[in-house]
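Trainee: Okay, so here is start_1.txt, and as you'll see once you scroll down, it has compact mmCIF, C-alpha atoms.
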```
# COMPACT_ATOMS: atom_id res chain seq x y z
CA MET A 1 139.07 209.48 -208.81
CA LEU A 2 136.28 211.40 -207.07
CA ALA A 3 137.96 210.77 -203.70
CA LEU A 4 141.20 212.25 -205.04
CA VAL A 5 139.35 215.28 -206.44
CA THR A 6 137.62 215.78 -203.08
CA VAL A 7 140.89 215.44 -201.18
CA SER A 8 142.62 217.89 -203.52
CA ALA A 9 139.83 220.42 -202.88
CA ILE A 10 140.18 219.86 -199.13
CA PHE A 11 143.93 220.45 -199.41
CA LEU A 12 143.21 223.81 -201.06
CA ARG A 13 140.96 224.68 -198.11
CA TRP A 14 144.03 224.49 -195.85
CA LEU A 15 146.09 226.90 -197.93
CA PRO A 16 145.66 229.74 -195.39
CA GLN A 17 146.84 227.52 -192.51
CA HIS A 18 149.79 225.78 -194.18
CA GLY A 19 150.82 228.22 -196.91
CA LEU A 20 152.14 227.52 -200.39
CA PRO A 21 153.62 224.03 -199.69
CA ILE A 22 150.07 222.68 -199.55
CA LEU A 23 149.88 223.38 -203.29
CA LEU A 24 152.28 220.45 -203.73
CA LEU A 25 149.73 218.12 -202.15
CA PHE A 26 147.01 219.66 -204.30
CA ALA A 27 149.13 219.16 -207.44
CA VAL A 28 149.86 215.50 -206.67
CA SER A 29 146.26 214.57 -205.83
CA ALA A 30 144.80 216.57 -208.75
CA SER A 31 147.33 215.03 -211.18
CA ALA A 32 146.52 211.53 -209.95
CA ALA A 33 142.79 212.23 -210.35
CA ALA A 34 143.36 213.59 -213.88
CA ALA A 35 145.46 210.55 -214.83
CA ILE A 36 142.67 208.23 -213.65
CA TYR A 37 140.03 210.29 -215.46
CA PHE A 38 141.83 210.26 -218.80
CA SER A 39 142.66 206.54 -218.64
CA GLN A 40 139.41 205.20 -217.24
CA ARG A 41 137.70 204.72 -220.61
CA GLY A 42 140.47 202.40 -221.79
CA ARG A 43 140.49 200.45 -218.53
CA TYR A 44 136.71 200.14 -218.57
CA SER A 45 136.82 198.81 -222.14
CA ALA A 46 139.54 196.31 -221.23
CA SER A 47 137.55 195.12 -218.21
CA SER A 48 134.35 194.75 -220.25
CA ARG A 49 136.18 192.85 -222.97
CA GLY A 50 137.87 190.70 -220.32
CA ILE A 51 134.55 189.76 -218.73
CA SER A 52 133.07 188.76 -222.09
CA GLU A 53 136.21 186.74 -222.95
CA GLU A 54 136.49 185.41 -219.37
CA SER A 55 140.08 186.58 -218.96
CA VAL A 56 141.23 189.89 -217.46
CA ASP A 57 144.87 190.84 -217.05
CA ALA A 58 145.49 192.21 -213.56
CA ASP A 59 146.33 195.92 -213.92
CA ILE A 60 149.52 195.90 -211.85
CA SER A 61 150.90 199.26 -212.98
CA ALA A 62 147.66 201.08 -212.10
CA VAL A 63 147.67 199.52 -208.61
CA LEU A 64 151.33 200.39 -208.02
CA TRP A 65 150.94 203.98 -209.28
CA THR A 66 147.87 204.56 -207.11
CA ALA A 67 149.65 203.19 -204.03
CA PHE A 68 152.70 205.32 -204.85
CA ALA A 69 150.50 208.45 -205.13
CA GLY A 70 149.05 207.72 -201.68
CA MET A 71 152.51 207.26 -200.18
CA LEU A 72 153.79 210.43 -201.86
CA LEU A 73 150.86 212.42 -200.46
CA GLY A 74 151.55 211.02 -196.99
CA GLY A 75 155.28 211.77 -197.20
CA LEU A 76 154.67 215.33 -198.37
CA GLY A 77 152.01 215.77 -195.66
CA VAL A 78 154.42 214.65 -192.92
CA GLY A 79 157.03 217.06 -194.27
CA ILE A 80 154.56 219.98 -194.29
CA VAL A 81 153.26 219.21 -190.78
CA LEU A 82 156.74 218.88 -189.29
CA ALA A 83 158.03 221.98 -191.08
CA GLY A 84 155.02 224.11 -190.08
CA MET B 85 142.01 183.12 -235.43
CA THR B 86 143.09 185.17 -232.45
CA ASN B 87 146.63 186.04 -231.39
CA SER B 88 146.56 183.33 -228.76
CA GLU B 89 146.28 180.48 -231.27
CA GLU B 90 149.02 178.82 -233.29
CA PRO B 91 148.48 177.76 -236.91
CA GLY B 92 148.62 174.17 -235.73
CA GLY B 93 145.73 174.74 -233.38
CA GLY B 94 147.62 174.75 -230.04
CA ALA B 95 146.90 177.68 -227.73
CA VAL B 96 149.79 179.97 -226.77
CA PRO B 97 149.31 181.96 -223.59
CA PRO B 98 149.35 185.70 -224.40
CA SER B 99 152.25 187.78 -223.10
CA ARG B 100 151.35 189.48 -219.81
CA GLY B 101 154.16 192.02 -219.75
CA ARG B 102 157.39 192.09 -217.78
CA ILE B 103 156.01 193.52 -214.54
CA ALA B 104 153.15 191.02 -214.48
CA GLU B 105 155.49 188.09 -215.21
CA ARG B 106 157.80 189.24 -212.43
CA LEU B 107 155.25 190.09 -209.72
CA LEU B 108 152.61 187.49 -210.57
CA PRO B 109 154.60 184.51 -211.79
CA GLY B 110 153.05 181.16 -212.65
CA GLY B 111 149.54 179.96 -212.04
CA GLU B 112 146.62 180.68 -214.32
CA GLU B 113 144.32 183.63 -214.84
CA PRO B 114 141.56 183.59 -212.22
CA ASP B 115 137.91 184.32 -212.96
CA PRO B 116 137.86 187.96 -214.19
CA ARG B 117 135.16 188.82 -211.67
CA PHE B 118 137.54 187.86 -208.82
CA THR B 119 140.35 189.96 -210.31
CA LEU B 120 138.04 192.96 -210.60
CA ALA B 121 136.68 192.39 -207.07
CA ASN B 122 140.25 192.36 -205.76
CA GLU B 123 140.85 195.69 -207.50
CA ARG B 124 137.69 197.18 -205.97
CA THR B 125 138.85 196.10 -202.49
CA PHE B 126 142.20 197.74 -203.15
CA LEU B 127 140.42 200.97 -204.14
CA ALA B 128 138.33 200.85 -200.94
CA TRP B 129 141.55 200.70 -198.89
CA ILE B 130 142.97 203.59 -200.92
CA ARG B 131 139.88 205.67 -200.10
CA THR B 132 140.42 204.96 -196.40
CA SER B 133 144.05 205.94 -196.80
CA LEU B 134 143.07 209.24 -198.47
CA ALA B 135 140.63 209.97 -195.62
CA LEU B 136 143.45 209.44 -193.10
CA LEU B 137 145.77 211.72 -195.07
CA ALA B 138 143.14 214.46 -195.24
CA GLY B 139 142.37 213.96 -191.53
CA GLY B 140 146.05 214.24 -190.60
CA ILE B 141 146.39 217.61 -192.32
CA ALA B 142 143.06 218.75 -190.84
CA ILE B 143 144.16 218.01 -187.27
CA GLU B 144 147.28 220.08 -187.76
CA ALA B 145 145.33 222.96 -189.34
CA PHE B 146 142.24 223.23 -187.16
CA THR B 147 142.97 222.03 -183.62
CA ALA B 148 145.42 224.75 -182.54
CA ASP B 149 143.21 225.81 -179.60
CA LEU B 150 142.42 222.24 -178.53
CA PHE B 151 145.77 220.45 -178.32
CA LEU B 152 149.29 221.32 -177.26
CA VAL B 153 151.63 221.68 -180.23
CA PRO B 154 153.51 218.37 -179.69
CA VAL B 155 150.25 216.43 -179.30
CA ARG B 156 148.75 218.07 -182.37
CA LYS B 157 151.80 217.39 -184.50
CA GLY B 158 152.10 213.86 -183.11
CA LEU B 159 148.49 213.01 -183.93
CA ALA B 160 148.79 214.51 -187.40
CA VAL B 161 151.98 212.57 -188.13
CA VAL B 162 150.45 209.31 -186.80
CA LEU B 163 147.44 209.72 -189.10
CA LEU B 164 149.61 210.63 -192.08
CA LEU B 165 151.97 207.70 -191.49
CA LEU B 166 148.99 205.41 -191.09
CA GLY B 167 147.62 206.67 -194.41
CA MET B 168 150.98 206.01 -196.08
CA LEU B 169 151.20 202.56 -194.54
CA LEU B 170 147.68 201.78 -195.67
CA SER B 171 148.50 202.83 -199.24
CA ALA B 172 151.51 200.52 -199.34
CA GLY B 173 149.72 197.77 -197.42
CA SER B 174 146.74 197.81 -199.76
CA ALA B 175 149.02 197.29 -202.77
CA VAL B 176 150.82 194.43 -201.01
CA ARG B 177 147.52 192.85 -200.05
CA TRP B 178 146.22 193.18 -203.62
CA LEU B 179 149.36 191.43 -204.86
CA ARG B 180 149.13 188.62 -202.29
CA VAL B 181 145.45 188.00 -203.04
CA GLU B 182 146.09 188.04 -206.79
CA ARG B 183 148.94 185.51 -206.37
CA SER B 184 146.75 183.27 -204.21
CA MET B 185 143.96 183.35 -206.77
CA ARG B 186 146.35 182.53 -209.63
CA HIS B 187 147.58 179.47 -207.71
CA ARG B 188 144.16 178.53 -206.35
CA ALA B 189 145.55 178.84 -202.82
CA PRO B 190 143.69 180.04 -199.71
CA LEU B 191 143.48 183.83 -199.50
CA PRO B 192 145.95 185.47 -197.08
CA LEU B 193 144.78 187.07 -193.85
CA PRO B 194 144.43 190.86 -194.10
CA LEU B 195 147.33 192.06 -191.92
CA ILE B 196 146.41 195.72 -192.41
CA VAL B 197 143.09 195.25 -190.60
CA PRO B 198 144.53 194.71 -187.06
CA LEU B 199 147.14 197.39 -187.76
CA LEU B 200 144.50 199.94 -188.75
CA ALA B 201 142.30 198.98 -185.79
CA ALA B 202 145.16 199.33 -183.29
CA ALA B 203 146.38 202.66 -184.67
CA GLY B 204 142.83 204.02 -184.88
CA ALA B 205 142.15 203.00 -181.27
CA LEU B 206 145.43 204.62 -180.15
CA ALA B 207 144.64 207.90 -181.92
CA ALA B 208 141.10 207.91 -180.47
CA ALA B 209 142.46 207.22 -176.96
CA VAL B 210 144.93 210.12 -177.21
CA VAL B 211 142.17 212.49 -178.35
CA LEU B 212 139.84 211.28 -175.57
CA VAL B 213 142.47 211.71 -172.87
CA PHE B 214 143.30 215.25 -173.97
CA ILE B 215 139.67 216.31 -174.30
CA LEU B 216 138.89 215.01 -170.76
CA TRP B 217 142.13 216.42 -169.36
CA ARG B 218 141.63 219.99 -170.64
```
Please rewrite the model in this file as structure tokens.
Mentor:
Amino acid sequence: MLALVTVSAIFLRWLPQHGLPILLLFAVSASAAAAIYFSQRGRYSASSRGISEESVDADISAVLWTAFAGMLLGGLGVGIVLAG
Amino acid sequence: MTNSEEPGGGAVPPSRGRIAERLLPGGEEPDPRFTLANERTFLAWIRTSLALLAGGIAIEAFTADLFLVPVRKGLAVVLLLLGMLLSAGSAVRWLRVERSMRHRAPLPLPLIVPLLAAAGALAAAVVLVFILWR
């Protein structure tokens, strides 16, 4: 989450060079960071409970969403670089 | 009595959800510490991927007086594509490791490691050549 917040702040830093499209990258990374922030308490509780019960369900949807966010950021970045 | 027990005493495995049943079929739940360690490794790869994405945009934004436009754009696109590939590759690797652990099979080799090393070396070589050539 902190890495996504940092990256979103870095994206904002490049607003003068790349213009408004960079706000898309900022929005995606900031939204992903917010989603992680607001869901982390539940995931932490589930992990703690899982350790005490010796059984944790693999969090597939979280992994797939995070990977999708990374790919979306990359795709948008390529579009912005090629269009610039 | 918990949800995973029948009145007769026999244990019923809890439902894992449709996506989990489809992507991680069969086997048995591994030690929770291994599952969580696999997730931490995935997150480490995602951090690397984010660094590459940020680096790709940075090259395009800040190296205008260092590189020719095609080289600058090429390097930026290579880094961004590498970041994308790493995001997807880290999810695939997480899935393969999780499957192996469920079936108590040997862990798969990390295919994204040689890929990342080769692409990183290529990008570094291009930068080196252009810095020496200028």
Trainee: Show me which bits of chain A are within 6 Å of chain B, counting all atoms listed in the file, as a PyMOL selection string.
Mentor: chain A and resi 17+51+54-56+67+70-71+74+78
Trainee: Could you list, as JSON, numbers by chain, every residue within 9 Å of His18 (chain A), counting only C-alpha atoms and ignoring same-chain residues fewer than 3 positions away?
Mentor: {"A": [14, 15, 21, 22, 80, 81, 84], "B": [144, 145]}
Trainee: May I have the residues within 12 Å of Val213 (chain B) as a ChimeraX atom specification, using only C-alpha atoms and disregarding those fewer than 5 positions away in the same chain?
Mentor: /B:150-151,155,206-208,218
Trainee: Next, dump the selected residues to file, keeping only C-alpha atoms, as a PDB file, in the frame of the given file.
Mentor:
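Contents of the output file result24.pdb:
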```
ATOM      1  CA  LEU B 150     142.420 222.240-178.530  1.00  0.00           C
ATOM      2  CA  PHE B 151     145.770 220.450-178.320  1.00  0.00           C
ATOM      3  CA  VAL B 155     150.250 216.430-179.300  1.00  0.00           C
ATOM      4  CA  LEU B 206     145.430 204.620-180.150  1.00  0.00           C
ATOM      5  CA  ALA B 207     144.640 207.900-181.920  1.00  0.00           C
ATOM      6  CA  ALA B 208     141.100 207.910-180.470  1.00  0.00           C
ATOM      7  CA  ARG B 218     141.630 219.990-170.640  1.00  0.00           C
TER       8      ARG B 218
END
```
Trainee: Using only C-alpha atoms, pick whichever of A:Ile36, A:Leu24, A:Trp65, A:Arg49 has the shortest atom-to-atom distance to Gly79 (chain A).
Mentor: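 Closest candidate: A:Leu24.
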